[in-house]
Every structure is written in structure tokens, then in C-alpha cells.
Amino acid sequence: LDLRASGRRPEGLPMAPEVGSESRDARFADALGLADTMPLVFSIRDNLATLIDALGATDREAHLADGLAHWWRTFFDPAYLAHDEALPGAADAVARLVAAGATIVYLTARPGALAAATTARLRELGFPAAAAGAVLVTKTDPREGDHAFKVRALAWCARIGEVVLCAENEPSHANEMHRAFPEALTVLVETRHSLPAPPLEPGVVRVASLTDAL
């Protein structure tokens, strides 16, 4: 789901004004203007560090600890799902797949507590959700690693029908999908992903958007 069909932009930074208000240094708010133009990476830690470094603060680790603590408290708050945005063409691409008879599985490592809010936001963004042909699968145990969760979820997907298309933004997950469903088209949507990342297995196709996979 995240960064294949929708995503938060910038990564984790909708929380930045509140991080600034809780920071030990009120000047943190002065760096927030960088959020619209700074080079962003997948890591919230690295993005916060870039903002903090822009201040020239001497207590970098203290600011970073404050910011990360706030992120953990708020990132999984349903209120922040309002910052999710549809990637260009993604909602239309998913609707076309459903219209063609496919069952869409939105697979996300978001916790189950966010399932209702995620479904509501998907509908607001124009995605088929909570309807025939669309299923949202979330993580039930927050202690389970994302990779282990997705491997287990892929085994479930194999039981509900023939898998014809897999889309991912994480190279490691895309490789796992390709191994699980070698006859399906597996695409890596080139948005952002965590580092370091393994090389893509032969057969995984890079695309700029989900529309390019249709």
C-alpha cells in the first residue's frame, strides 16, 4: 500500500511542527521551511537529522531523541492518515484492475488498529476499498517484522486465487513476491525505499508508477 498506491509526503514530516514545539530548542521551528525543498530519504531519522543540522545545534542527539520519541507517539495516530496522498494515476489503475475482475489486496505493515481509518482514507482518495474486489490486510502483531509479516501474507494471497500482479516499493519485498509468484508480473514502483537495499532479482520490473504496470 504505502509508496506503491499512496504515501505520506514528506516522509514523516507532517509531525515536524509538533516536534518543534516539543524540542528543547525553539529555533527548531526555523528549520521547518526546509521540509518542502530538502532532499528526502525514506528514513525519518535521517530527515529529522537534516533539519536539526540546519540549525547548527550543538545538542544534536538530544534534539534527535526528542523528534524520534514524538514520531513514535504520533505516526500511528489515525489523525495523521489525513496526510496520506494518492500517487499519480494509482487510484485509476486500481479501479481499472477491479473493473477487469481482479481482486485487489492492499498489503500494509500498518497495525490493525489503523485498518478502519486507512480504509476510510483510501475511499477519500478514490481507491476501491471496503467493497467487492478490494481487501485490506494489516499487521496483527506489531512485534512481527515487516518482512516476516509480508511473507506470511503472501502465502495467504496464494490461497485466495491466481496472483497476476505484485507491486512494491521495497526491493527486498519485491524479490520475495517474485519468488512466491514467479508467473506473475512483479513491479518495483520507483518512489522511495529503505537502505541498504538488495539488487532486484531478474524478472522484477522497475516502473515509475502503477499505471505503467497495466
# chains A, B, ... in the order shown; residues from 1 in each chain; ligands from 1
>>> closest_atom_pairs(of="region 72-114 of chain A", to="region 135-153 of chain A", cutoff="7 Å", atoms="only C-alpha atoms", output="CSV")
residue,atom,partner,partner_atom,distance
A:Ile104,CA,A:Val135,CA,6.1
A:Val105,CA,A:Val135,CA,4.8
A:Tyr106,CA,A:Leu136,CA,4.7
A:Leu107,CA,A:Val137,CA,5.0
A:Thr108,CA,A:Thr138,CA,5.3
A:Ala109,CA,A:Lys139,CA,5.1
A:Arg110,CA,A:Thr138,CA,5.6
A:Pro111,CA,A:Lys139,CA,4.8
A:Gly112,CA,A:Thr138,CA,5.2
>>> select_by_dssp(residues="region 76-162 of chain A", states="helix (DSSP H, G or I)", output="number ranges by chain")
A: 78-83, 90-99, 112-124, 146-160
>>> residues_around(residues="region 115-127 of chain A", least_positions_apart="2", cutoff="9 Å", atoms="only C-alpha atoms", output="JSON, numbers by chain")
{"A": [5, 6, 78, 79, 81, 82, 84, 85, 86, 90, 91, 92, 94, 95, 110, 111, 112, 113, 129, 130, 136, 137, 138]}
>>> atom_distance(atom1="CA of Ala93 (chain A)", atom2="CA of Leu188 (chain A)")
15.2 Å
>>> atom_distance(atom1="CA of Trp156 (chain A)", atom2="CA of Leu210 (chain A)")
22.7 Å
>>> select_by_dssp(residues="region 35-198 of chain A", states="strand (DSSP E)", output="PyMOL selection string")
chain A and resi 84-86+104-111+134-139+165-168+185-189
>>> write_last_selection(atoms="N, CA, C and O atoms", output="mmCIF file, in the first residue's frame")
data_model
loop_
_atom_site.group_PDB
_atom_site.id
_atom_site.type_symbol
_atom_site.label_atom_id
_atom_site.label_comp_id
_atom_site.auth_asym_id
_atom_site.auth_seq_id
_atom_site.Cartn_x
_atom_site.Cartn_y
_atom_site.Cartn_z
ATOM 1 N N ASP A 84 -1.948 11.217 4.090
ATOM 2 C CA ASP A 84 -1.721 10.261 3.006
ATOM 3 C C ASP A 84 -2.213 10.869 1.695
ATOM 4 O O ASP A 84 -3.296 11.465 1.645
ATOM 5 N N GLU A 85 -1.433 10.707 0.657
ATOM 6 C CA GLU A 85 -1.796 11.218 -0.663
ATOM 7 C C GLU A 85 -1.749 10.082 -1.668
ATOM 8 O O GLU A 85 -0.922 9.175 -1.548
ATOM 9 N N ALA A 86 -2.613 10.131 -2.656
ATOM 10 C CA ALA A 86 -2.586 9.135 -3.728
ATOM 11 C C ALA A 86 -1.426 9.445 -4.670
ATOM 12 O O ALA A 86 -1.218 10.598 -5.054
ATOM 13 N N ILE A 104 -8.182 -6.920 -5.498
ATOM 14 C CA ILE A 104 -7.042 -6.131 -5.046
ATOM 15 C C ILE A 104 -6.779 -6.420 -3.574
ATOM 16 O O ILE A 104 -7.696 -6.377 -2.748
ATOM 17 N N VAL A 105 -5.531 -6.715 -3.243
ATOM 18 C CA VAL A 105 -5.129 -6.887 -1.851
ATOM 19 C C VAL A 105 -4.193 -5.734 -1.502
ATOM 20 O O VAL A 105 -3.085 -5.645 -2.019
ATOM 21 N N TYR A 106 -4.676 -4.839 -0.649
ATOM 22 C CA TYR A 106 -3.819 -3.771 -0.135
ATOM 23 C C TYR A 106 -3.052 -4.371 1.044
ATOM 24 O O TYR A 106 -3.628 -4.610 2.116
ATOM 25 N N LEU A 107 -1.779 -4.598 0.855
ATOM 26 C CA LEU A 107 -0.954 -5.242 1.873
ATOM 27 C C LEU A 107 -0.083 -4.190 2.551
ATOM 28 O O LEU A 107 0.724 -3.527 1.892
ATOM 29 N N THR A 108 -0.250 -4.013 3.843
ATOM 30 C CA THR A 108 0.481 -2.976 4.556
ATOM 31 C C THR A 108 0.901 -3.463 5.936
ATOM 32 O O THR A 108 0.179 -4.229 6.586
ATOM 33 N N ALA A 109 2.059 -3.011 6.378
ATOM 34 C CA ALA A 109 2.536 -3.343 7.715
ATOM 35 C C ALA A 109 1.977 -2.391 8.767
ATOM 36 O O ALA A 109 2.396 -2.437 9.919
ATOM 37 N N ARG A 110 1.035 -1.545 8.382
ATOM 38 C CA ARG A 110 0.360 -0.724 9.388
ATOM 39 C C ARG A 110 -0.371 -1.646 10.368
ATOM 40 O O ARG A 110 -0.858 -2.711 9.985
ATOM 41 N N PRO A 111 -0.474 -1.244 11.630
ATOM 42 C CA PRO A 111 -1.159 -2.106 12.602
ATOM 43 C C PRO A 111 -2.653 -2.184 12.341
ATOM 44 O O PRO A 111 -3.247 -1.273 11.746
ATOM 45 N N ALA A 134 -11.868 -5.717 -3.248
ATOM 46 C CA ALA A 134 -10.781 -4.999 -2.581
ATOM 47 C C ALA A 134 -10.688 -5.443 -1.129
ATOM 48 O O ALA A 134 -11.673 -5.412 -0.402
ATOM 49 N N VAL A 135 -9.477 -5.859 -0.712
ATOM 50 C CA VAL A 135 -9.249 -6.360 0.636
ATOM 51 C C VAL A 135 -8.039 -5.635 1.223
ATOM 52 O O VAL A 135 -7.015 -5.490 0.559
ATOM 53 N N LEU A 136 -8.162 -5.173 2.457
ATOM 54 C CA LEU A 136 -7.043 -4.553 3.165
ATOM 55 C C LEU A 136 -6.493 -5.547 4.179
ATOM 56 O O LEU A 136 -7.245 -6.069 5.005
ATOM 57 N N VAL A 137 -5.190 -5.816 4.119
ATOM 58 C CA VAL A 137 -4.535 -6.734 5.046
ATOM 59 C C VAL A 137 -3.517 -5.936 5.853
ATOM 60 O O VAL A 137 -2.587 -5.348 5.296
ATOM 61 N N THR A 138 -3.694 -5.910 7.171
ATOM 62 C CA THR A 138 -2.798 -5.173 8.063
ATOM 63 C C THR A 138 -2.078 -6.140 9.001
ATOM 64 O O THR A 138 -2.449 -7.306 9.124
ATOM 65 N N LYS A 139 -1.077 -5.624 9.685
ATOM 66 C CA LYS A 139 -0.306 -6.434 10.622
ATOM 67 C C LYS A 139 -1.073 -6.570 11.937
ATOM 68 O O LYS A 139 -1.503 -5.576 12.512
ATOM 69 N N LEU A 165 -0.381 -9.832 -10.512
ATOM 70 C CA LEU A 165 0.405 -8.598 -10.432
ATOM 71 C C LEU A 165 0.763 -8.309 -8.985
ATOM 72 O O LEU A 165 -0.094 -8.363 -8.102
ATOM 73 N N CYS A 166 2.030 -8.017 -8.742
ATOM 74 C CA CYS A 166 2.506 -7.586 -7.426
ATOM 75 C C CYS A 166 3.225 -6.257 -7.601
ATOM 76 O O CYS A 166 4.011 -6.092 -8.543
ATOM 77 N N ALA A 167 2.971 -5.324 -6.695
ATOM 78 C CA ALA A 167 3.633 -4.019 -6.765
ATOM 79 C C ALA A 167 4.230 -3.705 -5.403
ATOM 80 O O ALA A 167 3.567 -3.852 -4.376
ATOM 81 N N GLU A 168 5.466 -3.257 -5.396
ATOM 82 C CA GLU A 168 6.193 -2.950 -4.159
ATOM 83 C C GLU A 168 7.081 -1.736 -4.369
ATOM 84 O O GLU A 168 7.404 -1.374 -5.486
ATOM 85 N N LEU A 185 3.448 -10.779 -12.810
ATOM 86 C CA LEU A 185 4.280 -9.609 -13.072
ATOM 87 C C LEU A 185 4.540 -8.916 -11.749
ATOM 88 O O LEU A 185 3.610 -8.501 -11.058
ATOM 89 N N THR A 186 5.794 -8.802 -11.368
ATOM 90 C CA THR A 186 6.167 -8.093 -10.143
ATOM 91 C C THR A 186 6.889 -6.810 -10.536
ATOM 92 O O THR A 186 7.861 -6.838 -11.300
ATOM 93 N N VAL A 187 6.392 -5.679 -10.014
ATOM 94 C CA VAL A 187 6.986 -4.393 -10.353
ATOM 95 C C VAL A 187 7.474 -3.694 -9.095
ATOM 96 O O VAL A 187 6.882 -3.819 -8.024
ATOM 97 N N LEU A 188 8.561 -2.976 -9.232
ATOM 98 C CA LEU A 188 9.068 -2.100 -8.188
ATOM 99 C C LEU A 188 8.702 -0.674 -8.583
ATOM 100 O O LEU A 188 9.211 -0.159 -9.581
ATOM 101 N N VAL A 189 7.792 -0.063 -7.838
ATOM 102 C CA VAL A 189 7.393 1.311 -8.115
ATOM 103 C C VAL A 189 8.474 2.223 -7.540
ATOM 104 O O VAL A 189 8.756 2.208 -6.346
#
>>> closest_residue(among="A:Arg159, A:Ala197, A:Gly133, A:Thr191", to="Ala100 (chain A)", atoms="only C-alpha atoms")
A:Gly133
>>> atom_distance(atom1="CA of Asn169 (chain A)", atom2="CA of Leu48 (chain A)")
21.8 Å
>>> decode(residues="region 164-179 of chain A", atoms="all heavy atoms", output="compact mmCIF listing (two decimals), in the first residue's frame")
# COMPACT_ATOMS: atom_id res chain seq x y z
N VAL A 164 -1.62 -12.28 -10.29
CA VAL A 164 -1.16 -11.88 -11.62
C VAL A 164 -0.28 -10.63 -11.58
O VAL A 164 0.48 -10.38 -12.52
CB VAL A 164 -2.36 -11.64 -12.57
CG1 VAL A 164 -3.13 -12.94 -12.78
CG2 VAL A 164 -3.29 -10.55 -12.03
N LEU A 165 -0.38 -9.83 -10.51
CA LEU A 165 0.41 -8.60 -10.43
C LEU A 165 0.76 -8.31 -8.98
O LEU A 165 -0.09 -8.36 -8.10
CB LEU A 165 -0.39 -7.42 -11.01
CG LEU A 165 0.22 -6.01 -10.84
CD1 LEU A 165 1.54 -5.90 -11.60
CD2 LEU A 165 -0.76 -4.94 -11.31
N CYS A 166 2.03 -8.02 -8.74
CA CYS A 166 2.51 -7.59 -7.43
C CYS A 166 3.23 -6.26 -7.60
O CYS A 166 4.01 -6.09 -8.54
CB CYS A 166 3.49 -8.60 -6.83
SG CYS A 166 2.83 -10.26 -6.58
N ALA A 167 2.97 -5.32 -6.70
CA ALA A 167 3.63 -4.02 -6.77
C ALA A 167 4.23 -3.70 -5.40
O ALA A 167 3.57 -3.85 -4.38
CB ALA A 167 2.64 -2.93 -7.18
N GLU A 168 5.47 -3.26 -5.40
CA GLU A 168 6.19 -2.95 -4.16
C GLU A 168 7.08 -1.74 -4.37
O GLU A 168 7.40 -1.37 -5.49
CB GLU A 168 7.07 -4.14 -3.74
CG GLU A 168 6.58 -4.91 -2.52
CD GLU A 168 6.62 -4.11 -1.23
OE1 GLU A 168 7.31 -3.08 -1.17
OE2 GLU A 168 5.95 -4.53 -0.26
N ASN A 169 7.47 -1.10 -3.24
CA ASN A 169 8.49 -0.06 -3.31
C ASN A 169 9.79 -0.52 -2.66
O ASN A 169 10.84 0.08 -2.87
CB ASN A 169 8.02 1.22 -2.62
CG ASN A 169 7.94 1.05 -1.11
OD1 ASN A 169 7.12 0.26 -0.62
ND2 ASN A 169 8.77 1.77 -0.36
N GLU A 170 9.72 -1.60 -1.86
CA GLU A 170 10.91 -2.13 -1.20
C GLU A 170 11.50 -3.27 -2.04
O GLU A 170 10.83 -4.27 -2.30
CB GLU A 170 10.56 -2.67 0.19
CG GLU A 170 10.24 -1.61 1.21
CD GLU A 170 11.49 -0.86 1.67
OE1 GLU A 170 12.62 -1.29 1.33
OE2 GLU A 170 11.33 0.14 2.39
N PRO A 171 12.76 -3.13 -2.49
CA PRO A 171 13.37 -4.19 -3.31
C PRO A 171 13.34 -5.57 -2.64
O PRO A 171 13.07 -6.57 -3.31
CB PRO A 171 14.81 -3.69 -3.51
CG PRO A 171 14.69 -2.20 -3.45
CD PRO A 171 13.65 -1.94 -2.40
N SER A 172 13.58 -5.64 -1.33
CA SER A 172 13.59 -6.95 -0.67
C SER A 172 12.21 -7.60 -0.73
O SER A 172 12.08 -8.81 -0.96
CB SER A 172 14.05 -6.81 0.78
OG SER A 172 13.17 -5.98 1.52
N HIS A 173 11.15 -6.81 -0.54
CA HIS A 173 9.80 -7.35 -0.59
C HIS A 173 9.43 -7.72 -2.03
O HIS A 173 8.74 -8.72 -2.26
CB HIS A 173 8.80 -6.35 -0.04
CG HIS A 173 9.00 -6.01 1.40
ND1 HIS A 173 9.58 -6.88 2.30
CD2 HIS A 173 8.71 -4.88 2.11
CE1 HIS A 173 9.62 -6.32 3.49
NE2 HIS A 173 9.12 -5.10 3.40
N ALA A 174 9.86 -6.90 -2.99
CA ALA A 174 9.58 -7.21 -4.40
C ALA A 174 10.23 -8.54 -4.77
O ALA A 174 9.64 -9.36 -5.48
CB ALA A 174 10.09 -6.09 -5.29
N ASN A 175 11.45 -8.75 -4.32
CA ASN A 175 12.13 -10.03 -4.60
C ASN A 175 11.36 -11.19 -4.00
O ASN A 175 11.23 -12.26 -4.62
CB ASN A 175 13.55 -10.00 -4.04
CG ASN A 175 14.48 -9.08 -4.82
OD1 ASN A 175 14.19 -8.70 -5.96
ND2 ASN A 175 15.59 -8.71 -4.21
N GLU A 176 10.85 -11.01 -2.78
CA GLU A 176 10.09 -12.07 -2.12
C GLU A 176 8.80 -12.36 -2.88
O GLU A 176 8.39 -13.52 -3.03
CB GLU A 176 9.77 -11.66 -0.68
CG GLU A 176 9.33 -12.81 0.20
CD GLU A 176 10.42 -13.84 0.42
OE1 GLU A 176 11.56 -13.45 0.72
OE2 GLU A 176 10.11 -15.05 0.27
N MET A 177 8.15 -11.33 -3.38
CA MET A 177 6.94 -11.52 -4.17
C MET A 177 7.23 -12.28 -5.46
O MET A 177 6.47 -13.16 -5.86
CB MET A 177 6.32 -10.16 -4.49
CG MET A 177 5.69 -9.47 -3.30
SD MET A 177 5.11 -7.80 -3.72
CE MET A 177 4.12 -7.42 -2.26
N HIS A 178 8.34 -11.93 -6.09
CA HIS A 178 8.70 -12.60 -7.33
C HIS A 178 9.00 -14.08 -7.08
O HIS A 178 8.64 -14.94 -7.90
CB HIS A 178 9.90 -11.91 -7.97
CG HIS A 178 10.31 -12.50 -9.28
ND1 HIS A 178 9.46 -12.57 -10.37
CD2 HIS A 178 11.48 -13.08 -9.69
CE1 HIS A 178 10.09 -13.14 -11.39
NE2 HIS A 178 11.30 -13.46 -10.98
N ARG A 179 9.65 -14.38 -5.96
CA ARG A 179 9.92 -15.78 -5.64
C ARG A 179 8.62 -16.53 -5.33
O ARG A 179 8.47 -17.71 -5.70
CB ARG A 179 10.87 -15.86 -4.45
CG ARG A 179 12.32 -15.49 -4.78
CD ARG A 179 13.26 -15.86 -3.66
NE ARG A 179 13.08 -15.00 -2.50
CZ ARG A 179 13.77 -13.88 -2.29
NH1 ARG A 179 14.69 -13.49 -3.18
NH2 ARG A 179 13.57 -13.15 -1.20
